[in-house]
Structures are given as structure tokens and as C-alpha cells.
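S.K.: Below is the file input09.cif, with mmCIF, C-alpha atoms; chains and numbers go by the auth columns.
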```cif
data_target
loop_
_atom_site.group_PDB
_atom_site.id
_atom_site.type_symbol
_atom_site.label_atom_id
_atom_site.label_comp_id
_atom_site.label_asym_id
_atom_site.label_seq_id
_atom_site.Cartn_x
_atom_site.Cartn_y
_atom_site.Cartn_z
_atom_site.B_iso_or_equiv
_atom_site.auth_seq_id
_atom_site.auth_asym_id
ATOM 1 C CA MET A 1 0.000 0.000 0.000 0.00 445 O
ATOM 2 C CA GLU A 2 1.360 3.400 -0.987 0.00 446 O
ATOM 3 C CA ALA A 3 2.088 5.782 1.887 0.00 447 O
ATOM 4 C CA PHE A 4 -0.118 8.849 1.894 0.00 448 O
ATOM 5 C CA GLN A 5 1.168 12.178 3.142 0.00 449 O
ATOM 6 C CA ARG A 6 0.290 14.922 0.672 0.00 450 O
ATOM 7 C CA VAL A 7 -1.428 14.831 -2.711 0.00 451 O
ATOM 8 C CA ASP A 8 -1.555 17.879 -4.973 0.00 452 O
ATOM 9 C CA ALA A 9 -3.594 16.788 -7.960 0.00 453 O
ATOM 10 C CA VAL A 10 -6.372 17.346 -10.458 0.00 454 O
ATOM 11 C CA ALA A 11 -9.788 16.908 -8.860 0.00 455 O
ATOM 12 C CA LEU A 12 -12.670 15.114 -10.562 0.00 456 O
ATOM 13 C CA PRO A 13 -16.160 16.498 -9.828 0.00 457 O
ATOM 14 C CA VAL A 14 -18.910 13.914 -9.370 0.00 458 O
ATOM 15 C CA PRO A 15 -21.887 16.222 -8.790 0.00 459 O
ATOM 16 C CA ARG A 16 -24.514 13.686 -7.788 0.00 460 O
ATOM 17 C CA SER A 17 -25.599 12.002 -4.591 0.00 461 O
ATOM 18 C CA ASN A 18 -25.843 8.261 -3.870 0.00 462 O
ATOM 19 C CA VAL A 19 -23.164 7.063 -6.273 0.00 463 O
ATOM 20 C CA ASP A 20 -23.221 3.382 -5.402 0.00 464 O
ATOM 21 C CA THR A 21 -20.576 0.701 -5.562 0.00 465 O
ATOM 22 C CA ASP A 22 -22.200 -0.923 -8.601 0.00 466 O
ATOM 23 C CA GLN A 23 -21.709 2.313 -10.535 0.00 467 O
ATOM 24 C CA ILE A 24 -18.116 2.538 -9.324 0.00 468 O
ATOM 25 C CA VAL A 25 -17.378 -1.050 -10.404 0.00 469 O
ATOM 26 C CA PRO A 26 -20.066 -3.236 -12.017 0.00 470 O
ATOM 27 C CA ALA A 27 -20.880 -6.570 -10.373 0.00 471 O
ATOM 28 C CA ARG A 28 -19.610 -8.654 -13.308 0.00 472 O
ATOM 29 C CA TYR A 29 -16.019 -7.771 -12.347 0.00 473 O
ATOM 30 C CA LEU A 30 -16.279 -9.048 -8.778 0.00 474 O
ATOM 31 C CA GLN A 31 -14.827 -12.453 -9.663 0.00 475 O
ATOM 32 C CA LYS A 32 -11.635 -10.928 -11.041 0.00 476 O
ATOM 33 C CA PRO A 33 -8.448 -11.537 -9.009 0.00 477 O
ATOM 34 C CA ARG A 34 -6.964 -8.667 -7.021 0.00 478 O
ATOM 35 C CA THR A 35 -3.920 -8.839 -9.279 0.00 479 O
ATOM 36 C CA ASP A 36 -6.034 -7.361 -12.087 0.00 480 O
ATOM 37 C CA ASP A 37 -5.881 -3.634 -12.750 0.00 481 O
ATOM 38 C CA PHE A 38 -9.256 -2.679 -11.317 0.00 482 O
ATOM 39 C CA GLY A 39 -8.692 0.865 -12.563 0.00 483 O
ATOM 40 C CA ALA A 40 -9.760 -0.439 -15.974 0.00 484 O
ATOM 41 C CA TYR A 41 -13.174 -1.256 -14.481 0.00 485 O
ATOM 42 C CA LEU A 42 -13.727 2.089 -12.728 0.00 486 O
ATOM 43 C CA PHE A 43 -17.122 3.543 -13.748 0.00 487 O
ATOM 44 C CA ARG A 44 -16.953 0.999 -16.559 0.00 488 O
ATOM 45 C CA ASP A 45 -20.570 1.259 -17.700 0.00 489 O
ATOM 46 C CA LEU A 46 -20.454 5.041 -17.580 0.00 490 O
ATOM 47 C CA ARG A 47 -17.005 5.459 -19.164 0.00 491 O
ATOM 48 C CA PHE A 48 -17.509 3.025 -22.060 0.00 492 O
ATOM 49 C CA ALA A 49 -20.189 2.020 -24.543 0.00 493 O
ATOM 50 C CA LYS A 50 -21.135 -1.634 -24.994 0.00 494 O
ATOM 51 C CA ASP A 51 -18.733 -1.917 -27.943 0.00 495 O
ATOM 52 C CA GLY A 52 -15.831 -0.846 -25.698 0.00 496 O
ATOM 53 C CA SER A 53 -15.483 2.655 -27.125 0.00 497 O
ATOM 54 C CA GLU A 54 -15.185 5.596 -24.761 0.00 498 O
ATOM 55 C CA ASN A 55 -18.244 7.632 -23.911 0.00 499 O
ATOM 56 C CA PRO A 56 -17.059 11.162 -24.747 0.00 500 O
ATOM 57 C CA ASP A 57 -19.707 12.687 -22.490 0.00 501 O
ATOM 58 C CA PHE A 58 -18.459 10.985 -19.334 0.00 502 O
ATOM 59 C CA ILE A 59 -16.352 13.404 -17.348 0.00 503 O
ATOM 60 C CA LEU A 60 -13.439 11.063 -16.679 0.00 504 O
ATOM 61 C CA ASN A 61 -12.909 10.759 -20.441 0.00 505 O
ATOM 62 C CA GLN A 62 -12.389 14.490 -20.797 0.00 506 O
ATOM 63 C CA PRO A 63 -8.678 15.317 -21.164 0.00 507 O
ATOM 64 C CA SER A 64 -8.599 17.839 -18.310 0.00 508 O
ATOM 65 C CA TYR A 65 -9.906 15.278 -15.817 0.00 509 O
ATOM 66 C CA ARG A 66 -8.139 12.089 -16.939 0.00 510 O
ATOM 67 C CA PRO A 67 -5.188 12.557 -14.539 0.00 511 O
ATOM 68 C CA ALA A 68 -7.466 13.082 -11.517 0.00 512 O
ATOM 69 C CA ARG A 69 -6.223 11.657 -8.222 0.00 513 O
ATOM 70 C CA ILE A 70 -8.863 13.313 -6.044 0.00 514 O
ATOM 71 C CA VAL A 71 -12.634 12.950 -6.354 0.00 515 O
ATOM 72 C CA VAL A 72 -15.119 15.532 -5.075 0.00 516 O
ATOM 73 C CA ALA A 73 -18.595 14.038 -4.737 0.00 517 O
ATOM 74 C CA GLN A 74 -21.953 14.689 -3.177 0.00 518 O
ATOM 75 C CA ARG A 75 -23.634 12.921 -0.267 0.00 519 O
ATOM 76 C CA ASN A 76 -23.575 9.179 0.373 0.00 520 O
ATOM 77 C CA PHE A 77 -20.753 8.340 -2.013 0.00 521 O
ATOM 78 C CA GLY A 78 -20.025 4.610 -2.120 0.00 522 O
ATOM 79 C CA CYS A 79 -23.413 3.465 -0.846 0.00 523 O
ATOM 80 C CA GLY A 80 -24.808 0.052 -1.714 0.00 524 O
ATOM 81 C CA SER A 81 -23.018 -3.276 -1.430 0.00 525 O
ATOM 82 C CA SER A 82 -20.004 -3.971 0.746 0.00 526 O
ATOM 83 C CA ARG A 83 -17.631 -4.789 -2.121 0.00 527 O
ATOM 84 C CA GLU A 84 -14.004 -3.732 -1.600 0.00 528 O
ATOM 85 C CA HIS A 85 -13.673 -3.795 -5.370 0.00 529 O
ATOM 86 C CA ALA A 86 -15.086 -0.264 -5.591 0.00 530 O
ATOM 87 C CA VAL A 87 -12.178 1.014 -3.521 0.00 531 O
ATOM 88 C CA TRP A 88 -9.725 -1.077 -5.547 0.00 532 O
ATOM 89 C CA ALA A 89 -11.044 0.446 -8.775 0.00 533 O
ATOM 90 C CA LEU A 90 -10.533 4.002 -7.523 0.00 534 O
ATOM 91 C CA TYR A 91 -7.139 3.189 -6.027 0.00 535 O
ATOM 92 C CA ASP A 92 -5.850 1.336 -9.097 0.00 536 O
ATOM 93 C CA TYR A 93 -6.935 4.201 -11.349 0.00 537 O
ATOM 94 C CA GLY A 94 -4.765 6.479 -9.216 0.00 538 O
ATOM 95 C CA VAL A 95 -7.332 8.150 -6.963 0.00 539 O
ATOM 96 C CA ARG A 96 -5.954 8.697 -3.459 0.00 540 O
ATOM 97 C CA ALA A 97 -8.706 10.759 -1.802 0.00 541 O
ATOM 98 C CA VAL A 98 -12.458 11.235 -2.086 0.00 542 O
ATOM 99 C CA ILE A 99 -14.078 14.330 -0.582 0.00 543 O
ATOM 100 C CA ALA A 100 -17.816 14.265 0.161 0.00 544 O
ATOM 101 C CA PRO A 101 -20.307 15.361 2.825 0.00 545 O
ATOM 102 C CA SER A 102 -20.974 11.700 3.678 0.00 546 O
ATOM 103 C CA PHE A 103 -20.119 8.162 2.576 0.00 547 O
ATOM 104 C CA GLY A 104 -21.607 4.706 2.651 0.00 548 O
ATOM 105 C CA ASP A 105 -20.398 3.298 5.972 0.00 549 O
ATOM 106 C CA ILE A 106 -18.793 0.148 4.600 0.00 550 O
ATOM 107 C CA PHE A 107 -17.180 1.999 1.707 0.00 551 O
ATOM 108 C CA PHE A 108 -15.689 4.456 4.210 0.00 552 O
ATOM 109 C CA SER A 109 -14.204 1.623 6.267 0.00 553 O
ATOM 110 C CA ASN A 110 -12.947 -0.266 3.194 0.00 554 O
ATOM 111 C CA SER A 111 -11.274 2.895 1.912 0.00 555 O
ATOM 112 C CA LEU A 112 -9.206 3.383 5.044 0.00 556 O
ATOM 113 C CA LYS A 113 -8.109 -0.267 4.959 0.00 557 O
ATOM 114 C CA ASN A 114 -7.008 -0.064 1.319 0.00 558 O
ATOM 115 C CA GLY A 115 -5.055 3.185 1.111 0.00 559 O
ATOM 116 C CA LEU A 116 -7.840 5.503 -0.065 0.00 560 O
ATOM 117 C CA LEU A 117 -8.533 8.545 2.122 0.00 561 O
ATOM 118 C CA PRO A 118 -12.252 9.414 2.527 0.00 562 O
ATOM 119 C CA ILE A 119 -12.669 13.013 3.702 0.00 563 O
ATOM 120 C CA VAL A 120 -15.909 14.304 5.174 0.00 564 O
ATOM 121 C CA LEU A 121 -16.462 18.060 4.817 0.00 565 O
ATOM 122 C CA PRO A 122 -19.627 20.150 5.278 0.00 566 O
ATOM 123 C CA ASP A 123 -22.145 20.296 2.440 0.00 567 O
ATOM 124 C CA GLU A 124 -21.450 23.941 1.682 0.00 568 O
ATOM 125 C CA THR A 125 -17.697 23.376 1.563 0.00 569 O
ATOM 126 C CA VAL A 126 -18.060 20.441 -0.820 0.00 570 O
ATOM 127 C CA ALA A 127 -20.491 22.434 -2.971 0.00 571 O
ATOM 128 C CA ALA A 128 -17.909 25.209 -3.296 0.00 572 O
ATOM 129 C CA LEU A 129 -15.179 22.698 -4.199 0.00 573 O
ATOM 130 C CA LEU A 130 -17.446 21.125 -6.816 0.00 574 O
ATOM 131 C CA ARG A 131 -18.144 24.503 -8.384 0.00 575 O
ATOM 132 C CA ALA A 132 -14.433 25.346 -8.435 0.00 576 O
ATOM 133 C CA VAL A 133 -13.325 22.162 -10.182 0.00 577 O
ATOM 134 C CA GLN A 134 -16.264 22.252 -12.613 0.00 578 O
ATOM 135 C CA ASP A 135 -15.627 25.887 -13.532 0.00 579 O
ATOM 136 C CA SER A 136 -11.900 25.265 -14.045 0.00 580 O
ATOM 137 C CA PRO A 137 -11.333 21.778 -15.500 0.00 581 O
ATOM 138 C CA GLY A 138 -7.934 20.515 -14.464 0.00 582 O
ATOM 139 C CA ALA A 139 -7.890 22.590 -11.271 0.00 583 O
ATOM 140 C CA HIS A 140 -5.864 21.150 -8.413 0.00 584 O
ATOM 141 C CA ILE A 141 -6.847 20.432 -4.835 0.00 585 O
ATOM 142 C CA VAL A 142 -4.234 19.678 -2.184 0.00 586 O
ATOM 143 C CA VAL A 143 -4.937 17.048 0.454 0.00 587 O
ATOM 144 C CA ASP A 144 -2.417 17.069 3.297 0.00 588 O
ATOM 145 C CA LEU A 145 -2.828 14.198 5.735 0.00 589 O
ATOM 146 C CA VAL A 146 -0.030 15.443 7.999 0.00 590 O
ATOM 147 C CA SER A 147 -1.855 18.713 8.703 0.00 591 O
ATOM 148 C CA GLN A 148 -5.315 17.185 8.042 0.00 592 O
ATOM 149 C CA THR A 149 -6.265 19.941 5.630 0.00 593 O
ATOM 150 C CA VAL A 150 -7.764 20.304 2.175 0.00 594 O
ATOM 151 C CA THR A 151 -6.631 23.315 0.145 0.00 595 O
ATOM 152 C CA ALA A 152 -9.092 24.473 -2.481 0.00 596 O
ATOM 153 C CA PRO A 153 -8.113 25.843 -5.905 0.00 597 O
ATOM 154 C CA ASP A 154 -8.568 29.383 -4.542 0.00 598 O
ATOM 155 C CA GLY A 155 -6.132 28.705 -1.694 0.00 599 O
ATOM 156 C CA GLY A 156 -8.741 28.385 1.046 0.00 600 O
ATOM 157 C CA THR A 157 -8.005 25.632 3.567 0.00 601 O
ATOM 158 C CA HIS A 158 -10.431 23.306 5.305 0.00 602 O
ATOM 159 C CA ALA A 159 -9.602 21.015 8.221 0.00 603 O
ATOM 160 C CA PHE A 160 -10.870 17.438 8.311 0.00 604 O
ATOM 161 C CA HIS A 161 -10.965 14.730 10.967 0.00 605 O
ATOM 162 C CA ILE A 162 -9.571 11.214 10.778 0.00 606 O
ATOM 163 C CA ASP A 163 -9.053 8.763 13.615 0.00 607 O
ATOM 164 C CA ALA A 164 -5.467 8.487 14.823 0.00 608 O
ATOM 165 C CA PHE A 165 -5.004 4.798 13.976 0.00 609 O
ATOM 166 C CA SER A 166 -6.201 5.131 10.378 0.00 610 O
ATOM 167 C CA ARG A 167 -4.129 8.278 9.920 0.00 611 O
ATOM 168 C CA GLN A 168 -0.964 6.539 11.116 0.00 612 O
ATOM 169 C CA CYS A 169 -1.545 3.518 8.880 0.00 613 O
ATOM 170 C CA LEU A 170 -2.083 5.722 5.823 0.00 614 O
ATOM 171 C CA LEU A 171 0.953 7.873 6.588 0.00 615 O
ATOM 172 C CA GLU A 172 3.134 4.769 6.823 0.00 616 O
ATOM 173 C CA GLY A 173 1.487 2.879 3.969 0.00 617 O
ATOM 174 C CA MET A 174 0.382 0.010 6.225 0.00 618 O
ATOM 175 C CA ASP A 175 -2.818 -1.994 6.338 0.00 619 O
ATOM 176 C CA GLU A 176 -4.099 -3.635 9.516 0.00 620 O
ATOM 177 C CA LEU A 177 -2.101 -6.829 8.889 0.00 621 O
ATOM 178 C CA ASP A 178 1.096 -4.836 8.347 0.00 622 O
ATOM 179 C CA TYR A 179 0.434 -3.016 11.617 0.00 623 O
ATOM 180 C CA THR A 180 -0.110 -6.298 13.469 0.00 624 O
ATOM 181 C CA LEU A 181 3.207 -7.591 12.139 0.00 625 O
ATOM 182 C CA THR A 182 5.010 -4.586 13.641 0.00 626 O
ATOM 183 C CA LEU A 183 3.859 -5.869 17.049 0.00 627 O
ATOM 184 C CA GLY A 184 5.566 -9.232 16.590 0.00 628 O
ATOM 185 C CA ASP A 185 7.949 -8.838 19.552 0.00 629 O
ATOM 186 C CA ARG A 186 5.140 -7.800 21.888 0.00 630 O
ATOM 187 C CA ILE A 187 2.929 -10.657 20.714 0.00 631 O
ATOM 188 C CA ALA A 188 5.750 -13.161 21.239 0.00 632 O
ATOM 189 C CA ALA A 189 6.437 -11.770 24.727 0.00 633 O
ATOM 190 C CA PHE A 190 2.743 -12.064 25.610 0.00 634 O
ATOM 191 C CA GLU A 191 2.653 -15.683 24.403 0.00 635 O
ATOM 192 C CA ARG A 192 5.746 -16.568 26.471 0.00 636 O
ATOM 193 C CA GLN A 193 4.199 -14.982 29.548 0.00 637 O
ATOM 194 C CA HIS A 194 0.893 -16.769 28.916 0.00 638 O
ATOM 195 C CA ASP A 195 2.648 -20.122 28.462 0.00 639 O
ATOM 196 C CA ALA A 196 4.635 -19.608 31.680 0.00 640 O
ATOM 197 C CA SER A 197 1.559 -18.731 33.716 0.00 641 O
ATOM 198 C CA ALA A 198 -0.324 -21.721 32.361 0.00 642 O
ATOM 199 C CA ALA A 199 2.460 -24.160 33.284 0.00 643 O
#
```
Turn the structure described in the file into C-alpha cells.

M.R.:
Amino acid sequence: MEAFQRVDAVALPVPRSNVDTDQIVPARYLQKPRTDDFGAYLFRDLRFAKDGSENPDFILNQPSYRPARIVVAQRNFGCGSSREHAVWALYDYGVRAVIAPSFGDIFFSNSLKNGLLPIVLPDETVAALLRAVQDSPGAHIVVDLVSQTVTAPDGGTHAFHIDAFSRQCLLEGMDELDYTLTLGDRIAAFERQHDASAA
């Protein structure tokens, strides 16, 4: 998992509520192995026609937004099923943060466990960010996990909250298993003590 500290990147506006995980990655790709590039499946049925050609009207196919690494969305982003694949699709495409007023609960949790930073900001703040990146295609937003701030295209900064454990894992590029492995000495010491007390 790639460590996350600061991302200064093009932001993709997704100006609709209730974008669900089936829109983010269609169900027919759920049997694919994790070794696949799930970025190819991101918004697949919106990005591409049935013949495989690009839909020129879909925003991610517009040249200014193709390099996006940050998504700005409306309420309840990532609702629907519990599939991790939706997070994998965003991550493999290159997206490192999603900013929205609210998220589907399971999507939010899956994001933190897979290197994608979900940022909750007030409705009015997100609305202003959406307007900014729609009015200026290719505009950058800066997400700084160290300072826990989002910097808008106009230079305005907005603080966000993240729990300390998730923040540390993202900063160090660790998932929960990686973190557990860092406690190997303490786990071994506990097991020795347990074995001795049971004898």
C-alpha cells in the first residue's frame, strides 16, 4: 500500500448524490483476481459504450480530468453493497482521496483499509469545491494528511478529521495486517508470559 502524506492533484467532480458501488465497479467484475488492474473497471458502464469505445460525455474521459487523483462528490458516495472492489477500482486508477459530505459506511471503512482517504467536509464546503473544479477543468486540490487539511483551488483551507489509527496507517502505507506484524515482539512476549503462567 502506498504511503499517503500529501497529494496535490487534479480533482474530478462527481456532482450527484448516492453514487453506489455498482456504478463505481459493475458486479460482473467481482470475480476478477486482485492482481487485475481494477482501474480499468472504474465507472466501466459510464465510461464506455457496450462496444468498448469511450463515452465522450463521461467526465473522466475528458482530457482535463483524466489525470485526476482526487474525487469531489456529493452525499452518500459509495453506498450500496459492501464490495471492496469499488475502492480497488478508484485506487488502481490512481485516486488517493475522495471528498464528500458523507459516505456509505462500509465503503468508508474499506477505503481506510485499502489506502484511499475518505474526507468528510460540510455540504457547503463540498459544494464550493465542486463549483471550483467544474468551472476550471484541471484545477488542483491539495490534500495534506499530515496537517489534516484540504486546500481548495482558490487557496482556502479546510480542516478534516480522521481517527489516529487510520491516519498513522495511511501515513506509513500500512494496512491492519502490516500493523499487526510490527507488534511481533510484543505478541511473542505475551505468548511466552501466557505459556509460563499456564504451566

S.K.: Using the chain letters and numbers from this file, what does the PyMOL selection byres ((chain O and resi 598-604) around 12) select? Give the answer as a PyMOL selection string.

M.R.: chain O and resi 543-545+561-566+568-570+572-573+575-577+579-580+583-597+605-607+611

S.K.: Run the PyMOL selection byres ((chain O and resi 479) around 12) against the file shown and list the residues it catches, as a compact mmCIF listing (two decimals) with C-alpha atoms, in the frame of the given file.

M.R.:
```txt
# COMPACT_ATOMS: atom_id res chain seq x y z
CA GLN O 475 -14.83 -12.45 -9.66
CA LYS O 476 -11.64 -10.93 -11.04
CA PRO O 477 -8.45 -11.54 -9.01
CA ARG O 478 -6.96 -8.67 -7.02
CA ASP O 480 -6.03 -7.36 -12.09
CA ASP O 481 -5.88 -3.63 -12.75
CA PHE O 482 -9.26 -2.68 -11.32
CA GLY O 483 -8.69 0.86 -12.56
CA HIS O 529 -13.67 -3.80 -5.37
CA TRP O 532 -9.72 -1.08 -5.55
CA ALA O 533 -11.04 0.45 -8.78
CA ASP O 536 -5.85 1.34 -9.10
```

S.K.: How many Å lie between atom CA of Arg540 of chain O and atom CA of Val463 of chain O, rounded to one decimal?

M.R.: 17.5 Å

S.K.: Selection in question (the file shown): the PyMOL selection byres ((chain O and resi 552) around 10). Which residues does it include, as an NGL selection string?

M.R.: :O and (520-523 or 531 or 542 or 546-551 or 553-557 or 560-564)

S.K.: From the set O:Gly559, O:Asp567, O:Pro459, O:Leu490, which residue has the shortest atom-to-atom contact distance to Ala447 of chain O, counting all atoms listed in the file?

M.R.: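 Nearest candidate to Ala447 of chain O out of O:Gly559, O:Asp567, O:Pro459, O:Leu490: O:Gly559.
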
S.K.: Given the block above, output segment 498-613 of chain O with C-alpha atoms as a short mmCIF file (atom, residue, chain, number, x, y, z; two decimals), in the first residue's frame.

M.R.:
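Okay, this is what ended up in selection_28.cif:
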```cif
data_model
loop_
_atom_site.label_atom_id
_atom_site.label_comp_id
_atom_site.auth_asym_id
_atom_site.auth_seq_id
_atom_site.Cartn_x
_atom_site.Cartn_y
_atom_site.Cartn_z
CA GLU O 498 -15.19 5.60 -24.76
CA ASN O 499 -18.24 7.63 -23.91
CA PRO O 500 -17.06 11.16 -24.75
CA ASP O 501 -19.71 12.69 -22.49
CA PHE O 502 -18.46 10.99 -19.33
CA ILE O 503 -16.35 13.40 -17.35
CA LEU O 504 -13.44 11.06 -16.68
CA ASN O 505 -12.91 10.76 -20.44
CA GLN O 506 -12.39 14.49 -20.80
CA PRO O 507 -8.68 15.32 -21.16
CA SER O 508 -8.60 17.84 -18.31
CA TYR O 509 -9.91 15.28 -15.82
CA ARG O 510 -8.14 12.09 -16.94
CA PRO O 511 -5.19 12.56 -14.54
CA ALA O 512 -7.47 13.08 -11.52
CA ARG O 513 -6.22 11.66 -8.22
CA ILE O 514 -8.86 13.31 -6.04
CA VAL O 515 -12.63 12.95 -6.35
CA VAL O 516 -15.12 15.53 -5.08
CA ALA O 517 -18.60 14.04 -4.74
CA GLN O 518 -21.95 14.69 -3.18
CA ARG O 519 -23.63 12.92 -0.27
CA ASN O 520 -23.57 9.18 0.37
CA PHE O 521 -20.75 8.34 -2.01
CA GLY O 522 -20.03 4.61 -2.12
CA CYS O 523 -23.41 3.47 -0.85
CA GLY O 524 -24.81 0.05 -1.71
CA SER O 525 -23.02 -3.28 -1.43
CA SER O 526 -20.00 -3.97 0.75
CA ARG O 527 -17.63 -4.79 -2.12
CA GLU O 528 -14.00 -3.73 -1.60
CA HIS O 529 -13.67 -3.79 -5.37
CA ALA O 530 -15.09 -0.26 -5.59
CA VAL O 531 -12.18 1.01 -3.52
CA TRP O 532 -9.72 -1.08 -5.55
CA ALA O 533 -11.04 0.45 -8.77
CA LEU O 534 -10.53 4.00 -7.52
CA TYR O 535 -7.14 3.19 -6.03
CA ASP O 536 -5.85 1.34 -9.10
CA TYR O 537 -6.93 4.20 -11.35
CA GLY O 538 -4.77 6.48 -9.22
CA VAL O 539 -7.33 8.15 -6.96
CA ARG O 540 -5.95 8.70 -3.46
CA ALA O 541 -8.71 10.76 -1.80
CA VAL O 542 -12.46 11.24 -2.09
CA ILE O 543 -14.08 14.33 -0.58
CA ALA O 544 -17.82 14.27 0.16
CA PRO O 545 -20.31 15.36 2.82
CA SER O 546 -20.97 11.70 3.68
CA PHE O 547 -20.12 8.16 2.58
CA GLY O 548 -21.61 4.71 2.65
CA ASP O 549 -20.40 3.30 5.97
CA ILE O 550 -18.79 0.15 4.60
CA PHE O 551 -17.18 2.00 1.71
CA PHE O 552 -15.69 4.46 4.21
CA SER O 553 -14.20 1.62 6.27
CA ASN O 554 -12.95 -0.27 3.19
CA SER O 555 -11.27 2.89 1.91
CA LEU O 556 -9.21 3.38 5.04
CA LYS O 557 -8.11 -0.27 4.96
CA ASN O 558 -7.01 -0.06 1.32
CA GLY O 559 -5.05 3.18 1.11
CA LEU O 560 -7.84 5.50 -0.07
CA LEU O 561 -8.53 8.54 2.12
CA PRO O 562 -12.25 9.41 2.53
CA ILE O 563 -12.67 13.01 3.70
CA VAL O 564 -15.91 14.30 5.17
CA LEU O 565 -16.46 18.06 4.82
CA PRO O 566 -19.63 20.15 5.28
CA ASP O 567 -22.15 20.30 2.44
CA GLU O 568 -21.45 23.94 1.68
CA THR O 569 -17.70 23.38 1.56
CA VAL O 570 -18.06 20.44 -0.82
CA ALA O 571 -20.49 22.43 -2.97
CA ALA O 572 -17.91 25.21 -3.30
CA LEU O 573 -15.18 22.70 -4.20
CA LEU O 574 -17.45 21.12 -6.82
CA ARG O 575 -18.14 24.50 -8.38
CA ALA O 576 -14.43 25.35 -8.43
CA VAL O 577 -13.33 22.16 -10.18
CA GLN O 578 -16.26 22.25 -12.61
CA ASP O 579 -15.63 25.89 -13.53
CA SER O 580 -11.90 25.27 -14.04
CA PRO O 581 -11.33 21.78 -15.50
CA GLY O 582 -7.93 20.51 -14.46
CA ALA O 583 -7.89 22.59 -11.27
CA HIS O 584 -5.86 21.15 -8.41
CA ILE O 585 -6.85 20.43 -4.83
CA VAL O 586 -4.23 19.68 -2.18
CA VAL O 587 -4.94 17.05 0.45
CA ASP O 588 -2.42 17.07 3.30
CA LEU O 589 -2.83 14.20 5.73
CA VAL O 590 -0.03 15.44 8.00
CA SER O 591 -1.85 18.71 8.70
CA GLN O 592 -5.32 17.18 8.04
CA THR O 593 -6.27 19.94 5.63
CA VAL O 594 -7.76 20.30 2.18
CA THR O 595 -6.63 23.31 0.15
CA ALA O 596 -9.09 24.47 -2.48
CA PRO O 597 -8.11 25.84 -5.91
CA ASP O 598 -8.57 29.38 -4.54
CA GLY O 599 -6.13 28.70 -1.69
CA GLY O 600 -8.74 28.39 1.05
CA THR O 601 -8.00 25.63 3.57
CA HIS O 602 -10.43 23.31 5.30
CA ALA O 603 -9.60 21.02 8.22
CA PHE O 604 -10.87 17.44 8.31
CA HIS O 605 -10.96 14.73 10.97
CA ILE O 606 -9.57 11.21 10.78
CA ASP O 607 -9.05 8.76 13.62
CA ALA O 608 -5.47 8.49 14.82
CA PHE O 609 -5.00 4.80 13.98
CA SER O 610 -6.20 5.13 10.38
CA ARG O 611 -4.13 8.28 9.92
CA GLN O 612 -0.96 6.54 11.12
CA CYS O 613 -1.55 3.52 8.88
#
```
